[in-house]
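Take a look at the structure set out below.
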Amino acid sequence: MILGRNAILELMKTGDIRIDPFDENALGPASYDIALSSKFRIFDRYGEFIDIRDDSFDPARYGDLVDTEGGPIEIQPGQLVLGMSAERITLSDRVMGWISGRSRFARIGLLVHVSSNLIQPGVSNHQILEIVNLSPRPMRLWPGVRIAQVVFEEVKGAAEGPVDRRYFTQTSP
């Protein structure tokens with residue numbers, strides 16, 4: 001079941017959801033708007049094949065870390081960059097989340113979360129945002145803009161089976 005504002009606030013009191021820093025103005029009726037940090041991974045090595053053979057594939061190998069230090073990042077039409085939420089989201093084993101872009105940005109061709117939108121129970125990290133400019137125009141994105149949202153759900157039953165915890169505590173894109 002998707003959690004509403006009051007349920008999210010209750011689970012924050014119990015520690016099952018932690019958002020740091022937390023801004024109550026970013027909490028909507030059934031989601032929390034997350035802000036863009038100044039850290040990005042830019043994929044600009046054109047011509048080099050990306051070789052995906054198995055699960056040990058490391059996307060960091062194909063892009064460079066950039067910190068805009070409060071200034072904007074420029075994204076060209078068709079370009080993919082990885083961004084990161086300014087907030088650290090920590091979830092207990094009872095809660096999971098879904099990241100999605102906000103409609104105001106989608107309407108101008110900015111995809112904020114392309115594919116892997118699941119936030120696993122038990123994570124404590126800054127969320128990585130897969131950002132693509134589908135507009136025919138270049139865009140500037142500024143740190144601090146509430147660019148995506150997280151919807152929370154309660155998890156019923158214990159986690160079973162192997163879990164890839166490689167990204168459970170990530171701090172850079």
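Identifiers in the structure tokens: chain A, B, ... in order shown; residue index from 1 per chain; ligand index from 1 in order shown.
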Residues within 10 Å of Phe22 (chain A), please, as a PDB file with C-alpha atoms, in the first residue's frame. Count only C-alpha atoms; anything in the same chain fewer than 6 positions from it doesn't count.
ATOM      1  CA  TYR A  32       8.388  13.421  -0.979  1.00  0.00           C
ATOM      2  CA  ILE A  34      13.858  15.248  -3.565  1.00  0.00           C
ATOM      3  CA  GLU A  87      18.948  13.998   0.657  1.00  0.00           C
ATOM      4  CA  ARG A  88      20.127  10.753   2.202  1.00  0.00           C
ATOM      5  CA  ILE A  89      17.182   8.377   2.387  1.00  0.00           C
TER       6      ILE A  89
END
Enumerate as number ranges by chain all residues of region 10-172 of chain A assigned to helix (DSSP H, G or I) by DSSP on the backbone, naming them with the chain letters and numbers the document uses.
-> A: 10-14, 24-26, 59-62, 103-106
Residues from last step as file, N, CA and C atoms, as an mmCIF file, in the first residue's frame:
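And here is the file that came out, again17.cif:
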data_model
loop_
_atom_site.group_PDB
_atom_site.id
_atom_site.type_symbol
_atom_site.label_atom_id
_atom_site.label_comp_id
_atom_site.auth_asym_id
_atom_site.auth_seq_id
_atom_site.Cartn_x
_atom_site.Cartn_y
_atom_site.Cartn_z
ATOM 1 N N GLU A 10 4.448 9.395 10.476
ATOM 2 C CA GLU A 10 4.462 8.407 11.572
ATOM 3 C C GLU A 10 5.691 7.507 11.478
ATOM 4 N N LEU A 11 6.001 7.023 10.265
ATOM 5 C CA LEU A 11 7.166 6.152 10.098
ATOM 6 C C LEU A 11 8.478 6.917 10.269
ATOM 7 N N MET A 12 8.443 8.214 10.074
ATOM 8 C CA MET A 12 9.634 9.017 10.365
ATOM 9 C C MET A 12 9.843 9.103 11.877
ATOM 10 N N LYS A 13 8.755 9.173 12.628
ATOM 11 C CA LYS A 13 8.867 9.193 14.093
ATOM 12 C C LYS A 13 9.447 7.896 14.629
ATOM 13 N N THR A 14 9.087 6.764 14.009
ATOM 14 C CA THR A 14 9.594 5.464 14.471
ATOM 15 C C THR A 14 10.993 5.161 13.945
ATOM 16 N N GLU A 24 9.654 19.655 5.514
ATOM 17 C CA GLU A 24 8.236 19.282 5.518
ATOM 18 C C GLU A 24 7.484 19.890 4.336
ATOM 19 N N ASN A 25 7.960 21.015 3.797
ATOM 20 C CA ASN A 25 7.323 21.616 2.628
ATOM 21 C C ASN A 25 7.464 20.754 1.378
ATOM 22 N N ALA A 26 8.417 19.825 1.367
ATOM 23 C CA ALA A 26 8.620 18.937 0.217
ATOM 24 C C ALA A 26 7.768 17.672 0.314
ATOM 25 N N PRO A 59 29.266 0.868 -14.331
ATOM 26 C CA PRO A 59 29.038 2.044 -15.170
ATOM 27 C C PRO A 59 29.989 3.202 -14.873
ATOM 28 N N ALA A 60 30.563 3.251 -13.679
ATOM 29 C CA ALA A 60 31.474 4.341 -13.323
ATOM 30 C C ALA A 60 32.688 4.379 -14.253
ATOM 31 N N ARG A 61 33.025 3.247 -14.849
ATOM 32 C CA ARG A 61 34.177 3.163 -15.735
ATOM 33 C C ARG A 61 34.008 4.042 -16.981
ATOM 34 N N TYR A 62 32.771 4.359 -17.330
ATOM 35 C CA TYR A 62 32.502 5.057 -18.583
ATOM 36 C C TYR A 62 32.170 6.539 -18.408
ATOM 37 N N SER A 103 6.237 15.850 -13.151
ATOM 38 C CA SER A 103 5.598 16.120 -14.439
ATOM 39 C C SER A 103 6.015 17.457 -15.050
ATOM 40 N N ARG A 104 6.256 18.461 -14.237
ATOM 41 C CA ARG A 104 6.631 19.765 -14.796
ATOM 42 C C ARG A 104 7.915 19.686 -15.609
ATOM 43 N N PHE A 105 8.819 18.784 -15.239
ATOM 44 C CA PHE A 105 10.063 18.633 -15.987
ATOM 45 C C PHE A 105 9.881 17.684 -17.169
ATOM 46 N N ALA A 106 9.063 16.659 -17.002
ATOM 47 C CA ALA A 106 8.785 15.732 -18.100
ATOM 48 C C ALA A 106 8.148 16.458 -19.276
#
Taking the backbone alone, and naming residues the way the document does, which bits of region 4-172 of chain A are strand (DSSP E) by DSSP, as a ChimeraX atom specification?
-> /A:17-20,32-35,39-42,64-67,73-75,80-91,95-101,110-111,118-119,124-133,139-141,146-154
For the selection just defined, write its residues with C-alpha atoms to a file, as a PDB file, in the first residue's frame.
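The resulting selection_18.pdb:
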ATOM      1  CA  ILE A  17      11.942   6.342   7.202  1.00  0.00           C
ATOM      2  CA  ARG A  18      14.720   8.911   7.572  1.00  0.00           C
ATOM      3  CA  ILE A  19      15.280  11.770   5.139  1.00  0.00           C
ATOM      4  CA  ASP A  20      18.290  13.987   5.792  1.00  0.00           C
ATOM      5  CA  TYR A  32       8.388  13.421  -0.979  1.00  0.00           C
ATOM      6  CA  ASP A  33      10.088  15.728  -3.504  1.00  0.00           C
ATOM      7  CA  ILE A  34      13.858  15.248  -3.565  1.00  0.00           C
ATOM      8  CA  ALA A  35      16.374  17.901  -4.564  1.00  0.00           C
ATOM      9  CA  LYS A  39      27.444  15.902  -7.918  1.00  0.00           C
ATOM     10  CA  PHE A  40      27.133  14.289 -11.344  1.00  0.00           C
ATOM     11  CA  ARG A  41      28.666  11.563 -13.465  1.00  0.00           C
ATOM     12  CA  ILE A  42      29.019  12.637 -17.091  1.00  0.00           C
ATOM     13  CA  ASP A  64      33.701  11.145 -14.981  1.00  0.00           C
ATOM     14  CA  LEU A  65      32.614  12.593 -11.631  1.00  0.00           C
ATOM     15  CA  VAL A  66      31.903  16.313 -11.627  1.00  0.00           C
ATOM     16  CA  ASP A  67      30.939  18.589  -8.748  1.00  0.00           C
ATOM     17  CA  ILE A  73      25.210  21.470 -15.121  1.00  0.00           C
ATOM     18  CA  GLU A  74      24.511  21.767 -18.827  1.00  0.00           C
ATOM     19  CA  ILE A  75      22.892  18.810 -20.541  1.00  0.00           C
ATOM     20  CA  LEU A  80      22.556  11.124 -20.235  1.00  0.00           C
ATOM     21  CA  VAL A  81      24.072  12.160 -16.914  1.00  0.00           C
ATOM     22  CA  LEU A  82      23.786  10.618 -13.493  1.00  0.00           C
ATOM     23  CA  GLY A  83      22.753  13.020 -10.773  1.00  0.00           C
ATOM     24  CA  MET A  84      22.256  12.452  -7.090  1.00  0.00           C
ATOM     25  CA  SER A  85      19.694  13.497  -4.529  1.00  0.00           C
ATOM     26  CA  ALA A  86      20.772  16.056  -1.969  1.00  0.00           C
ATOM     27  CA  GLU A  87      18.948  13.998   0.657  1.00  0.00           C
ATOM     28  CA  ARG A  88      20.127  10.753   2.202  1.00  0.00           C
ATOM     29  CA  ILE A  89      17.182   8.377   2.387  1.00  0.00           C
ATOM     30  CA  THR A  90      17.308   5.606   4.967  1.00  0.00           C
ATOM     31  CA  LEU A  91      14.622   2.929   5.035  1.00  0.00           C
ATOM     32  CA  VAL A  95       9.629   0.203   3.886  1.00  0.00           C
ATOM     33  CA  MET A  96      10.592   0.538   0.219  1.00  0.00           C
ATOM     34  CA  GLY A  97      10.312   3.395  -2.232  1.00  0.00           C
ATOM     35  CA  TRP A  98       9.859   4.320  -5.870  1.00  0.00           C
ATOM     36  CA  ILE A  99      11.578   7.278  -7.543  1.00  0.00           C
ATOM     37  CA  SER A 100       9.903   9.075 -10.405  1.00  0.00           C
ATOM     38  CA  GLY A 101      10.373  12.333 -12.218  1.00  0.00           C
ATOM     39  CA  LEU A 110      13.579  16.055 -19.169  1.00  0.00           C
ATOM     40  CA  LEU A 111      13.528  12.464 -17.959  1.00  0.00           C
ATOM     41  CA  LEU A 118      13.152   0.891  -6.951  1.00  0.00           C
ATOM     42  CA  ILE A 119      14.567   1.879  -3.555  1.00  0.00           C
ATOM     43  CA  SER A 124      20.789   4.327   3.518  1.00  0.00           C
ATOM     44  CA  ASN A 125      22.064   6.416   0.632  1.00  0.00           C
ATOM     45  CA  HIS A 126      21.713   9.349  -1.687  1.00  0.00           C
ATOM     46  CA  GLN A 127      19.522   8.302  -4.591  1.00  0.00           C
ATOM     47  CA  ILE A 128      21.117   8.198  -8.027  1.00  0.00           C
ATOM     48  CA  LEU A 129      19.048   9.891 -10.717  1.00  0.00           C
ATOM     49  CA  GLU A 130      19.298   8.839 -14.362  1.00  0.00           C
ATOM     50  CA  ILE A 131      18.769  12.151 -16.163  1.00  0.00           C
ATOM     51  CA  VAL A 132      18.233  12.422 -19.928  1.00  0.00           C
ATOM     52  CA  ASN A 133      17.466  15.522 -21.989  1.00  0.00           C
ATOM     53  CA  MET A 139      19.198  22.558 -20.517  1.00  0.00           C
ATOM     54  CA  ARG A 140      20.840  23.877 -17.373  1.00  0.00           C
ATOM     55  CA  LEU A 141      19.992  22.083 -14.143  1.00  0.00           C
ATOM     56  CA  ARG A 146      13.278  19.474  -6.412  1.00  0.00           C
ATOM     57  CA  ILE A 147      13.610  17.393  -9.546  1.00  0.00           C
ATOM     58  CA  ALA A 148      12.115  14.013  -8.558  1.00  0.00           C
ATOM     59  CA  GLN A 149       9.787  12.435  -6.025  1.00  0.00           C
ATOM     60  CA  VAL A 150       9.780   9.329  -3.866  1.00  0.00           C
ATOM     61  CA  VAL A 151       6.657   7.299  -3.159  1.00  0.00           C
ATOM     62  CA  PHE A 152       6.912   4.998  -0.123  1.00  0.00           C
ATOM     63  CA  GLU A 153       5.251   1.619   0.471  1.00  0.00           C
ATOM     64  CA  GLU A 154       5.222  -0.779   3.392  1.00  0.00           C
TER      65      GLU A 154
END
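CA of Val145 (chain A) is found 11.1 Å from CA of Arg102 (chain A).
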What gap, in Å, lies between CA of Gly63 (chain A) and CA of Asp44 (chain A)?
->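 Going from CA of Gly63 (chain A) over to CA of Asp44 (chain A) covers 6.5 Å.
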Separation of CA of Ile52 (chain A) from CA of Pro77 (chain A) in Å =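 Between CA of Pro77 (chain A) and CA of Ile52 (chain A) the gap is 24.6 Å.
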